$ cat coords-v9.cif   # mmCIF, C-alpha atoms
data_entry
#
loop_
_atom_site.label_atom_id
_atom_site.label_comp_id
_atom_site.auth_asym_id
_atom_site.auth_seq_id
_atom_site.Cartn_x
_atom_site.Cartn_y
_atom_site.Cartn_z
CA MET A 1 22.02 17.08 27.17
CA VAL A 2 25.51 17.20 25.78
CA ARG A 3 27.84 18.45 28.48
CA VAL A 4 30.46 20.89 27.24
CA GLU A 5 33.61 20.93 29.34
CA GLY A 6 35.62 24.11 28.99
CA PRO A 7 34.52 27.29 27.19
CA TYR A 8 30.76 27.54 26.61
CA ASP A 9 29.26 30.21 24.33
CA ILE A 10 25.55 30.61 25.09
CA GLU A 11 24.95 32.93 22.12
CA SER A 12 26.47 30.41 19.74
CA VAL A 13 24.31 27.64 21.18
CA ARG A 14 21.22 29.84 20.89
CA GLY A 15 22.00 30.68 17.30
CA GLU A 16 22.45 27.06 16.36
CA TRP A 17 19.58 25.49 18.31
CA VAL A 18 16.68 27.92 18.81
CA GLY A 19 14.14 27.20 16.07
CA ARG A 20 15.17 23.59 15.52
CA LYS A 21 12.24 21.17 15.25
CA SER A 22 11.92 17.45 15.65
CA PRO A 23 10.10 15.47 12.98
CA VAL A 24 6.40 14.78 13.58
CA VAL A 25 6.45 11.52 15.51
CA ARG A 26 3.55 9.19 16.23
CA GLY A 27 3.11 7.88 19.78
CA ARG A 28 4.06 4.24 20.26
CA TYR A 29 0.54 3.15 21.24
CA PRO A 30 -2.95 4.58 21.02
CA VAL A 31 -4.51 6.10 24.13
CA GLU A 32 -5.21 3.08 26.33
CA TYR A 33 -7.03 2.20 29.52
CA ASP A 34 -4.29 0.74 31.65
CA SER A 35 -1.82 3.62 31.39
CA ILE A 36 -4.64 5.93 32.49
CA ARG A 37 -5.39 3.62 35.41
CA ARG A 38 -1.76 3.71 36.58
CA HIS A 39 -1.70 7.50 36.24
CA CYS A 40 -4.84 7.81 38.35
CA HIS A 41 -3.46 5.37 40.93
CA MET A 42 -0.48 7.59 41.79
CA VAL A 43 -2.76 10.44 42.94
CA GLU A 44 -5.66 8.24 44.12
CA ASP A 45 -7.95 9.60 41.42
CA THR A 46 -11.09 7.50 40.98
CA ASN A 47 -12.85 9.74 38.46
CA PRO A 48 -15.04 7.49 36.28
CA LEU A 49 -14.50 9.75 33.27
CA PHE A 50 -10.95 8.33 33.22
CA LEU A 51 -11.58 4.82 34.48
CA ASP A 52 -15.05 3.48 33.72
CA PRO A 53 -15.84 2.48 30.09
CA GLU A 54 -19.59 2.46 30.69
CA TYR A 55 -19.55 5.87 32.33
CA GLY A 56 -17.31 7.23 29.58
CA ALA A 57 -19.60 5.90 26.85
CA GLN A 58 -22.51 7.77 28.36
CA SER A 59 -20.56 11.01 28.94
CA GLU A 60 -20.54 13.88 26.45
CA TRP A 61 -17.23 12.56 25.14
CA GLY A 62 -18.65 9.13 24.26
CA ALA A 63 -15.64 7.24 25.59
CA VAL A 64 -13.14 7.10 28.43
CA ILE A 65 -10.82 10.10 28.12
CA ALA A 66 -7.32 10.59 29.43
CA PRO A 67 -6.76 13.23 32.10
CA PRO A 68 -5.66 16.27 30.09
CA VAL A 69 -2.16 16.21 31.57
CA MET A 70 -1.60 12.72 30.07
CA THR A 71 -1.79 14.02 26.51
CA ARG A 72 1.99 14.32 26.20
CA TYR A 73 2.45 10.82 27.59
CA PHE A 74 0.37 9.25 24.84
CA ALA A 75 2.10 11.26 22.15
CA GLY A 76 5.42 9.76 23.19
CA ALA A 77 7.18 6.45 22.81
CA GLY A 78 7.45 5.49 26.48
CA VAL A 79 10.67 4.35 28.05
CA TRP A 80 10.70 0.65 27.31
CA PRO A 81 11.79 -0.96 25.05
CA PRO A 82 14.24 1.88 24.36
CA THR A 83 13.49 3.86 21.26
CA SER A 84 14.13 7.30 19.99
CA ASP A 85 11.66 9.92 21.22
CA GLU A 86 12.56 12.62 18.73
CA GLY A 87 11.30 15.46 20.95
CA ILE A 88 13.36 14.32 23.90
CA THR A 89 16.26 13.49 21.61
CA LEU A 90 16.19 17.05 20.26
CA MET A 91 16.34 18.46 23.78
CA ARG A 92 19.12 16.09 24.80
CA GLN A 93 21.28 17.18 21.87
CA VAL A 94 21.42 20.78 23.05
CA PRO A 95 24.93 21.55 24.35
CA THR A 96 24.83 22.51 28.04
CA ARG A 97 27.26 22.98 30.90
CA GLY A 98 25.82 20.14 32.99
CA GLU A 99 24.03 16.87 32.36
CA ARG A 100 21.79 17.00 35.43
CA ASN A 101 18.37 18.49 34.89
CA ILE A 102 15.25 19.65 36.67
CA ASN A 103 11.94 20.21 34.92
CA LEU A 104 10.55 23.50 36.18
CA ASN A 105 7.72 25.20 34.33
CA THR A 106 5.10 23.58 32.15
CA GLU A 107 2.19 25.28 30.40
CA TRP A 108 -0.51 23.64 28.27
CA GLU A 109 -3.50 24.56 26.22
CA TYR A 110 -5.87 21.61 25.76
CA LEU A 111 -8.13 21.98 22.76
CA GLN A 112 -9.94 18.65 22.93
CA PRO A 113 -9.78 15.43 24.93
CA ALA A 114 -7.71 12.41 23.98
CA LYS A 115 -10.07 9.42 23.99
CA VAL A 116 -9.16 5.78 24.42
CA GLY A 117 -8.29 4.55 20.93
CA ASP A 118 -7.03 7.90 19.64
CA HIS A 119 -3.49 7.85 18.29
CA LEU A 120 -1.52 11.02 18.98
CA SER A 121 1.55 12.52 17.35
CA THR A 122 3.87 15.28 18.47
CA GLN A 123 6.37 17.75 17.13
CA THR A 124 8.82 19.59 19.39
CA GLU A 125 10.63 22.86 18.74
CA VAL A 126 13.39 24.52 20.77
CA ILE A 127 12.08 28.05 21.34
CA ASP A 128 14.60 29.51 23.82
CA ILE A 129 17.92 28.78 25.54
CA TYR A 130 19.34 31.03 28.24
CA GLU A 131 21.55 31.15 31.32
CA LYS A 132 20.13 31.74 34.79
CA SER A 133 21.69 31.05 38.15
CA ILE A 134 20.29 28.49 40.57
CA LYS A 135 21.58 27.56 44.02
CA LEU A 136 23.28 24.46 42.63
CA ASP A 137 24.93 26.13 39.66
CA PRO A 138 25.69 29.84 39.06
CA ARG A 139 25.61 29.29 35.30
CA ALA A 140 22.78 26.83 34.77
CA VAL A 141 21.48 26.55 31.21
CA TRP A 142 17.71 26.60 30.67
CA ILE A 143 16.01 25.11 27.61
CA LYS A 144 12.46 26.04 26.62
CA THR A 145 10.57 23.86 24.14
CA GLU A 146 7.12 23.88 22.52
CA MET A 147 5.19 20.69 21.76
CA ARG A 148 2.27 20.48 19.34
CA ILE A 149 0.16 17.35 19.69
CA THR A 150 -2.28 16.18 17.04
CA ASN A 151 -4.61 13.19 16.74
CA GLN A 152 -5.03 10.59 14.00
CA ASP A 153 -7.23 13.02 12.03
CA GLY A 154 -4.59 15.75 12.11
CA GLU A 155 -6.61 17.81 14.57
CA LEU A 156 -4.68 19.84 17.13
CA VAL A 157 -5.25 18.33 20.58
CA ALA A 158 -2.82 20.31 22.74
CA VAL A 159 0.02 22.82 22.66
CA GLY A 160 2.54 22.90 25.47
CA THR A 161 5.69 24.68 26.52
CA ASN A 162 8.24 23.21 28.89
CA THR A 163 11.22 24.78 30.65
CA LEU A 164 14.07 22.49 31.62
CA CYS A 165 16.92 23.66 33.86
CA THR A 166 20.21 21.85 33.24
CA HIS A 167 22.99 22.07 35.79
CA ARG A 168 26.33 20.66 36.87
CA THR A 169 27.02 18.57 39.96
CA PRO A 170 28.55 20.46 42.90
CA GLU A 171 31.88 18.79 42.11
CA GLN A 172 31.78 19.99 38.50
CA VAL A 173 30.90 23.53 39.59
CA GLU A 174 33.78 23.55 42.08
CA THR A 175 36.22 22.33 39.43
CA GLU A 176 35.08 24.76 36.77
CA GLU A 177 34.19 27.84 38.86
CA GLY A 178 36.74 27.46 41.67
CA GLU A 179 34.04 27.56 44.33
CA ARG A 180 31.61 24.93 45.58
CA PRO A 181 27.93 25.94 45.50
CA LEU A 182 25.65 25.79 48.57
CA MET B 1 -19.56 32.26 50.65
CA THR B 2 -17.19 29.44 49.85
CA THR B 3 -17.77 26.17 48.06
CA GLN B 4 -15.88 23.15 49.27
CA THR B 5 -15.61 19.69 47.84
CA THR B 6 -15.33 16.67 50.07
CA PRO B 7 -11.68 15.75 50.64
CA ASN B 8 -10.58 12.59 48.88
CA SER B 9 -13.83 12.11 47.02
CA ILE B 10 -14.36 12.64 43.33
CA SER B 11 -17.23 14.71 42.16
CA THR B 12 -19.49 13.17 39.58
CA GLU B 13 -21.84 16.06 40.20
CA GLN B 14 -21.61 18.90 37.72
CA THR B 15 -20.28 22.30 38.76
CA PHE B 16 -22.17 25.00 36.87
CA TRP B 17 -20.64 28.31 35.87
CA ASN B 18 -23.59 30.27 37.27
CA ASP B 19 -23.00 28.91 40.78
CA VAL B 20 -19.28 29.67 40.99
CA ARG B 21 -18.09 32.77 42.83
CA GLU B 22 -14.71 34.40 42.88
CA GLY B 23 -13.08 33.45 46.17
CA ASP B 24 -14.65 29.99 46.38
CA LEU B 25 -12.21 27.52 47.89
CA ILE B 26 -11.63 24.03 46.56
CA ALA B 27 -10.96 21.74 49.51
CA GLY B 28 -9.08 19.20 47.41
CA TYR B 29 -7.40 16.23 49.05
CA ASP B 30 -4.24 15.06 50.84
CA LEU B 31 -1.56 12.54 49.93
CA THR B 32 1.05 11.01 52.24
CA LEU B 33 4.35 10.45 50.43
CA ASP B 34 5.40 7.11 51.82
CA TRP B 35 7.62 4.71 49.88
CA THR B 36 4.64 2.98 48.29
CA LYS B 37 3.54 6.34 46.91
CA MET B 38 7.07 6.87 45.57
CA VAL B 39 6.80 3.61 43.63
CA GLU B 40 3.36 4.59 42.37
CA GLN B 41 4.73 7.92 41.02
CA VAL B 42 7.34 6.04 38.99
CA SER B 43 4.81 3.49 37.75
CA GLY B 44 2.15 6.07 36.91
CA SER B 45 4.45 8.57 35.26
CA GLN B 46 6.92 6.09 33.73
CA ASP B 47 9.62 8.59 34.67
CA PHE B 48 12.65 6.53 35.62
CA TYR B 49 15.14 9.39 36.02
CA PRO B 50 16.93 8.22 39.22
CA VAL B 51 16.70 11.57 40.98
CA HIS B 52 13.06 10.63 41.65
CA HIS B 53 13.69 7.20 43.19
CA ASP B 54 17.39 6.72 44.03
CA PRO B 55 18.47 8.59 47.20
CA GLU B 56 22.19 8.17 46.45
CA PHE B 57 21.80 9.58 42.94
CA ALA B 58 19.81 12.53 44.31
CA ALA B 59 22.44 13.23 46.98
CA GLU B 60 25.22 13.11 44.42
CA ALA B 61 23.43 15.81 42.44
CA GLY B 62 23.25 18.00 45.54
CA HIS B 63 19.63 17.36 46.52
CA PRO B 64 18.64 16.62 50.11
CA ALA B 65 16.44 13.68 49.05
CA ILE B 66 14.68 12.22 46.06
CA PHE B 67 11.85 14.46 44.94
CA TYR B 68 8.54 13.75 43.24
CA ASN B 69 8.57 14.08 39.48
CA THR B 70 6.77 16.29 37.00
CA GLY B 71 4.25 13.63 35.96
CA TRP B 72 3.13 13.05 39.51
CA THR B 73 3.02 16.78 40.25
CA GLN B 74 0.86 17.67 37.28
CA ALA B 75 -1.41 14.69 37.94
CA ALA B 76 -1.95 15.86 41.52
CA LEU B 77 -2.81 19.39 40.42
CA CYS B 78 -4.98 18.22 37.54
CA ARG B 79 -7.04 16.08 39.91
CA VAL B 80 -7.93 19.16 41.97
CA VAL B 81 -9.37 20.71 38.81
CA THR B 82 -11.13 17.70 37.31
CA ASP B 83 -12.67 16.58 40.62
CA TRP B 84 -14.07 20.08 41.07
CA ALA B 85 -15.20 20.72 37.49
CA GLY B 86 -17.35 17.59 37.17
CA PRO B 87 -17.95 15.49 34.07
CA GLY B 88 -19.08 18.37 31.82
CA GLY B 89 -16.19 20.67 32.68
CA TRP B 90 -13.06 20.94 30.56
CA MET B 91 -9.65 22.18 31.67
CA SER B 92 -8.60 24.20 28.63
CA LYS B 93 -5.42 25.80 29.99
CA PHE B 94 -3.02 24.70 32.68
CA ARG B 95 0.39 25.78 33.88
CA PHE B 96 2.41 25.20 36.99
CA GLU B 97 5.79 26.00 38.50
CA MET B 98 7.86 23.45 40.41
CA ARG B 99 9.39 25.92 42.86
CA ARG B 100 10.10 23.59 45.79
CA MET B 101 10.26 19.87 46.25
CA ASN B 102 7.89 17.30 47.65
CA ILE B 103 9.96 14.53 49.19
CA PRO B 104 9.45 11.26 51.10
CA ASP B 105 7.49 11.57 54.35
CA ASP B 106 5.85 14.83 53.29
CA VAL B 107 2.09 15.09 53.59
CA VAL B 108 0.98 16.99 50.51
CA HIS B 109 -2.20 19.04 50.51
CA ALA B 110 -3.71 19.69 47.07
CA ARG B 111 -5.95 22.76 47.07
CA GLY B 112 -7.54 25.37 44.84
CA LYS B 113 -9.36 28.69 44.69
CA VAL B 114 -11.59 30.45 42.17
CA VAL B 115 -9.92 33.70 41.15
CA GLY B 116 -12.02 34.84 38.22
CA LYS B 117 -14.87 34.04 35.83
CA SER B 118 -16.00 35.28 32.45
CA ASP B 119 -18.77 34.61 29.96
CA LEU B 120 -18.03 32.47 26.89
CA ASP B 121 -21.22 31.71 24.98
CA ASP B 122 -24.89 30.84 25.57
CA ALA B 123 -24.05 27.45 27.02
CA HIS B 124 -20.65 27.90 28.70
CA GLY B 125 -18.53 30.18 30.82
CA LEU B 126 -14.88 30.24 31.83
CA VAL B 127 -13.48 30.07 35.34
CA GLU B 128 -9.92 30.89 36.40
CA LEU B 129 -8.46 28.79 39.20
CA GLU B 130 -5.37 28.93 41.29
CA VAL B 131 -4.36 25.45 42.38
CA TRP B 132 -1.40 24.42 44.46
CA LEU B 133 0.42 21.67 46.31
CA GLU B 134 1.72 22.44 49.77
CA ASN B 135 3.51 20.37 52.37
CA ASP B 136 4.08 20.81 56.09
CA ARG B 137 7.83 21.50 55.73
CA LEU B 138 7.81 24.22 53.10
CA GLY B 139 4.28 25.50 52.58
CA VAL B 140 3.35 25.93 48.93
CA THR B 141 5.73 23.97 46.73
CA THR B 142 3.94 23.99 43.40
CA PRO B 143 1.59 26.79 42.38
CA GLY B 144 -0.55 26.24 39.31
CA TRP B 145 -3.19 28.04 37.30
CA ALA B 146 -6.03 26.59 35.26
CA THR B 147 -8.78 27.84 33.00
CA VAL B 148 -11.90 25.67 33.08
CA ARG B 149 -14.85 25.73 30.71
CA LEU B 150 -18.03 24.99 32.63
CA PRO B 151 -21.60 24.53 31.41
CA LYS B 152 -24.24 27.04 32.39
CA ARG B 153 -27.45 26.00 34.07
CA ALA B 154 -30.21 25.67 31.49
#
$ encode --input "coords-v9.cif" --output "structure tokens"
Amino acid sequence: MVRVEGPYDIESVRGEWVGRKSPVVRGRYPVEYDSIRRHCHMVEDTNPLFLDPEYGAQSEWGAVIAPPVMTRYFAGAGVWPPTSDEGITLMRQVPTRGERNINLNTEWEYLQPAKVGDHLSTQTEVIDIYEKSIKLDPRAVWIKTEMRITNQDGELVAVGTNTLCTHRTPEQVETEEGERPL
Amino acid sequence: MTTQTTPNSISTEQTFWNDVREGDLIAGYDLTLDWTKMVEQVSGSQDFYPVHHDPEFAAEAGHPAIFYNTGWTQAALCRVVTDWAGPGGWMSKFRFEMRRMNIPDDVVHARGKVVGKSDLDDAHGLVELEVWLENDRLGVTTPGWATVRLPKRA
């Protein structure tokens, strides 16, 4: 997010940014076993559909699949080494009042599984920007985006929307609004 | 009548659409958010935003503690669905709202409930689920909703 200090015109930001799309970007790596294993580890998931190559080969999918909620992960670049994730870059370029952010609502439609070996791509579009008060910031700026994820054959794998709330620190709110939140 | 899965086990048995009833409860599982679990959420999600692992950073932003990230949250909810649905089920729609925070030392209970079902075709039906994470401090922190395609019994 690009923090704007001083006057902030939400309608101007909406007019400039709603409808903007990132390029279609290919994920850094194909869908792979070990990232799925780490994902499962954090919630103690031992489902063999996600972890066992032999079980996956005999399932109706014919291979280990990623848990559906990992689809976005494999369509991205990951965090290291640093690179440009165009979808995230698009979101971070939106002018906001604060640089702090909280991810709030996420909604997905999963059309087919992502199998180990698939290579996913994504395109992100800013679909809404609006102001809404939260406890931390009376003029928090919310950014809603849509992501369309496709596989190596160009087939649509998933469509998701995400709502990100951006806000200022309590010190910034106090300086700019004259009153400390909370 | 309610249907319950065994806590902390995964189901490799198939759930069939015909057997599901509105009101069935999904027993789900529990997770204790100790500091090892905090490290696992960063590793598993690859989300290194410090508000999820650095208490000083979180406090500076006005939060009472670090809080568990989106990747961990959606993984926890997804597991409720995929454990219950079995290997032939498919979660076709999923949404959730991060209304309150899960923080260190919380014990999180991941649960679900069948709230609707409808016919799809000769071989499959759809089931609507409510799923949620709750902790002992705040109650429900993260409500979610899923649509699952299940096979019918032959």
$ residues_around --input "coords-v9.cif" --residues "region 52-55 of chain B" --least-positions-apart "6" --cutoff "12 Å" --atoms "all atoms listed in the file" --output "ChimeraX atom specification"
/A:101-103 /B:34-43,45-46,61-73,101-104
$ write_last_selection --input "coords-v9.cif" --atoms "C-alpha atoms" --output "PDB file, in the coordinates of the input"
ATOM      1  CA  ASN A 101      18.370  18.490  34.890  1.00  0.00           C
ATOM      2  CA  ILE A 102      15.250  19.650  36.670  1.00  0.00           C
ATOM      3  CA  ASN A 103      11.940  20.210  34.920  1.00  0.00           C
TER       4      ASN A 103
ATOM      5  CA  ASP B  34       5.400   7.110  51.820  1.00  0.00           C
ATOM      6  CA  TRP B  35       7.620   4.710  49.880  1.00  0.00           C
ATOM      7  CA  THR B  36       4.640   2.980  48.290  1.00  0.00           C
ATOM      8  CA  LYS B  37       3.540   6.340  46.910  1.00  0.00           C
ATOM      9  CA  MET B  38       7.070   6.870  45.570  1.00  0.00           C
ATOM     10  CA  VAL B  39       6.800   3.610  43.630  1.00  0.00           C
ATOM     11  CA  GLU B  40       3.360   4.590  42.370  1.00  0.00           C
ATOM     12  CA  GLN B  41       4.730   7.920  41.020  1.00  0.00           C
ATOM     13  CA  VAL B  42       7.340   6.040  38.990  1.00  0.00           C
ATOM     14  CA  SER B  43       4.810   3.490  37.750  1.00  0.00           C
ATOM     15  CA  SER B  45       4.450   8.570  35.260  1.00  0.00           C
ATOM     16  CA  GLN B  46       6.920   6.090  33.730  1.00  0.00           C
ATOM     17  CA  ALA B  61      23.430  15.810  42.440  1.00  0.00           C
ATOM     18  CA  GLY B  62      23.250  18.000  45.540  1.00  0.00           C
ATOM     19  CA  HIS B  63      19.630  17.360  46.520  1.00  0.00           C
ATOM     20  CA  PRO B  64      18.640  16.620  50.110  1.00  0.00           C
ATOM     21  CA  ALA B  65      16.440  13.680  49.050  1.00  0.00           C
ATOM     22  CA  ILE B  66      14.680  12.220  46.060  1.00  0.00           C
ATOM     23  CA  PHE B  67      11.850  14.460  44.940  1.00  0.00           C
ATOM     24  CA  TYR B  68       8.540  13.750  43.240  1.00  0.00           C
ATOM     25  CA  ASN B  69       8.570  14.080  39.480  1.00  0.00           C
ATOM     26  CA  THR B  70       6.770  16.290  37.000  1.00  0.00           C
ATOM     27  CA  GLY B  71       4.250  13.630  35.960  1.00  0.00           C
ATOM     28  CA  TRP B  72       3.130  13.050  39.510  1.00  0.00           C
ATOM     29  CA  THR B  73       3.020  16.780  40.250  1.00  0.00           C
ATOM     30  CA  MET B 101      10.260  19.870  46.250  1.00  0.00           C
ATOM     31  CA  ASN B 102       7.890  17.300  47.650  1.00  0.00           C
ATOM     32  CA  ILE B 103       9.960  14.530  49.190  1.00  0.00           C
ATOM     33  CA  PRO B 104       9.450  11.260  51.100  1.00  0.00           C
TER      34      PRO B 104
END
$ residues_around --input "coords-v9.cif" --residues "Val131 (chain B)" --least-positions-apart "3" --cutoff "9 Å" --atoms "only C-alpha atoms" --output "list in words"
Ile26, Leu77, Cys78, Val80, Val81, Phe96, Ala110, Arg111, Gly112, Lys113, Val114, Thr142, Pro143, Gly144, Trp145 and Ala146 of chain B
$ resolve_selection --input "coords-v9.cif" --expression "the PyMOL selection byres ((chain A) within 8 of (chain B))" --output "ChimeraX atom specification"
/A:35,38-43,45-49,59-60,67-69,78-79,100,103-111,136,168-170
$ resolve_selection --input "coords-v9.cif" --expression "the PyMOL selection byres ((chain A and resi 14) around 12)" --output "PDB file with C-alpha atoms, in the frame of the given file"
ATOM      1  CA  TYR A   8      30.760  27.540  26.610  1.00  0.00           C
ATOM      2  CA  ASP A   9      29.260  30.210  24.330  1.00  0.00           C
ATOM      3  CA  ILE A  10      25.550  30.610  25.090  1.00  0.00           C
ATOM      4  CA  GLU A  11      24.950  32.930  22.120  1.00  0.00           C
ATOM      5  CA  SER A  12      26.470  30.410  19.740  1.00  0.00           C
ATOM      6  CA  VAL A  13      24.310  27.640  21.180  1.00  0.00           C
ATOM      7  CA  GLY A  15      22.000  30.680  17.300  1.00  0.00           C
ATOM      8  CA  GLU A  16      22.450  27.060  16.360  1.00  0.00           C
ATOM      9  CA  TRP A  17      19.580  25.490  18.310  1.00  0.00           C
ATOM     10  CA  VAL A  18      16.680  27.920  18.810  1.00  0.00           C
ATOM     11  CA  GLY A  19      14.140  27.200  16.070  1.00  0.00           C
ATOM     12  CA  ARG A  20      15.170  23.590  15.520  1.00  0.00           C
ATOM     13  CA  VAL A  94      21.420  20.780  23.050  1.00  0.00           C
ATOM     14  CA  PRO A  95      24.930  21.550  24.350  1.00  0.00           C
ATOM     15  CA  THR A  96      24.830  22.510  28.040  1.00  0.00           C
ATOM     16  CA  VAL A 126      13.390  24.520  20.770  1.00  0.00           C
ATOM     17  CA  ILE A 127      12.080  28.050  21.340  1.00  0.00           C
ATOM     18  CA  ASP A 128      14.600  29.510  23.820  1.00  0.00           C
ATOM     19  CA  ILE A 129      17.920  28.780  25.540  1.00  0.00           C
ATOM     20  CA  TYR A 130      19.340  31.030  28.240  1.00  0.00           C
ATOM     21  CA  GLU A 131      21.550  31.150  31.320  1.00  0.00           C
ATOM     22  CA  VAL A 141      21.480  26.550  31.210  1.00  0.00           C
ATOM     23  CA  TRP A 142      17.710  26.600  30.670  1.00  0.00           C
ATOM     24  CA  ILE A 143      16.010  25.110  27.610  1.00  0.00           C
ATOM     25  CA  LYS A 144      12.460  26.040  26.620  1.00  0.00           C
TER      26      LYS A 144
END
$ residues_around --input "coords-v9.cif" --residues "Pro30 (chain A)" --least-positions-apart "4" --cutoff "6 Å" --atoms "only C-alpha atoms" --output "PyMOL selection string"
chain A and resi 117-119
$ closest_residue --input "coords-v9.cif" --among "B:Asp136, B:Asp119, B:Glu56, B:Glu128" --to "Val148 (chain B)" --atoms "all atoms listed in the file"
B:Glu128
$ atom_distance --input "coords-v9.cif" --atom1 "CA of Val116 (chain A)" --atom2 "CA of Gly160 (chain A)"
20.8 Å
$ residues_near_point --input "coords-v9.cif" --point "(28.6, 19.2, 33.8)" --cutoff "7 Å" --atoms "all atoms listed in the file" --output "JSON, numbers by chain"
{"A": [3, 5, 97, 98, 99, 167, 168, 169, 172]}
$ atom_distance --input "coords-v9.cif" --atom1 "CA of Leu120 (chain A)" --atom2 "CA of Thr150 (chain A)"
5.6 Å
$ axis_aligned_box --input "coords-v9.cif" --around "region 41-48 of chain A" --padding-each-side "4 Å" --output "AutoDock Vina command-line options"
--center_x -7.8 --center_y 7.9 --center_z 40.2 --size_x 22.6 --size_y 13.1 --size_z 15.8
$ atom_distance --input "coords-v9.cif" --atom1 "CA of Thr71 (chain A)" --atom2 "CA of Val24 (chain A)"
15.3 Å
$ closest_residue --input "coords-v9.cif" --among "A:Arg148, A:Lys135, A:Lys21, A:Arg180" --to "Met91 (chain A)" --atoms "only C-alpha atoms"
A:Lys21
$ resolve_selection --input "coords-v9.cif" --expression "the PyMOL selection byres ((chain B and resi 118) around 10)" --output "PyMOL selection string"
chain B and resi 17+116-117+119-121+124-128+149
$ residues_around --input "coords-v9.cif" --residues "Ser121 (chain A)" --least-positions-apart "5" --cutoff "10 Å" --atoms "all atoms listed in the file" --output "PyMOL selection string"
chain A and resi 24-28+30+71-72+74-77+147-152+154+156-157
$ closest_residue --input "coords-v9.cif" --among "B:Val115, B:Ala123, B:Ala58, B:Leu25" --to "Pro151 (chain B)" --atoms "only C-alpha atoms"
B:Ala123
$ closest_residue --input "coords-v9.cif" --among "B:Glu22, B:Asp122, B:Leu133, B:Thr141" --to "Ala154 (chain B)" --atoms "only C-alpha atoms"
B:Asp122
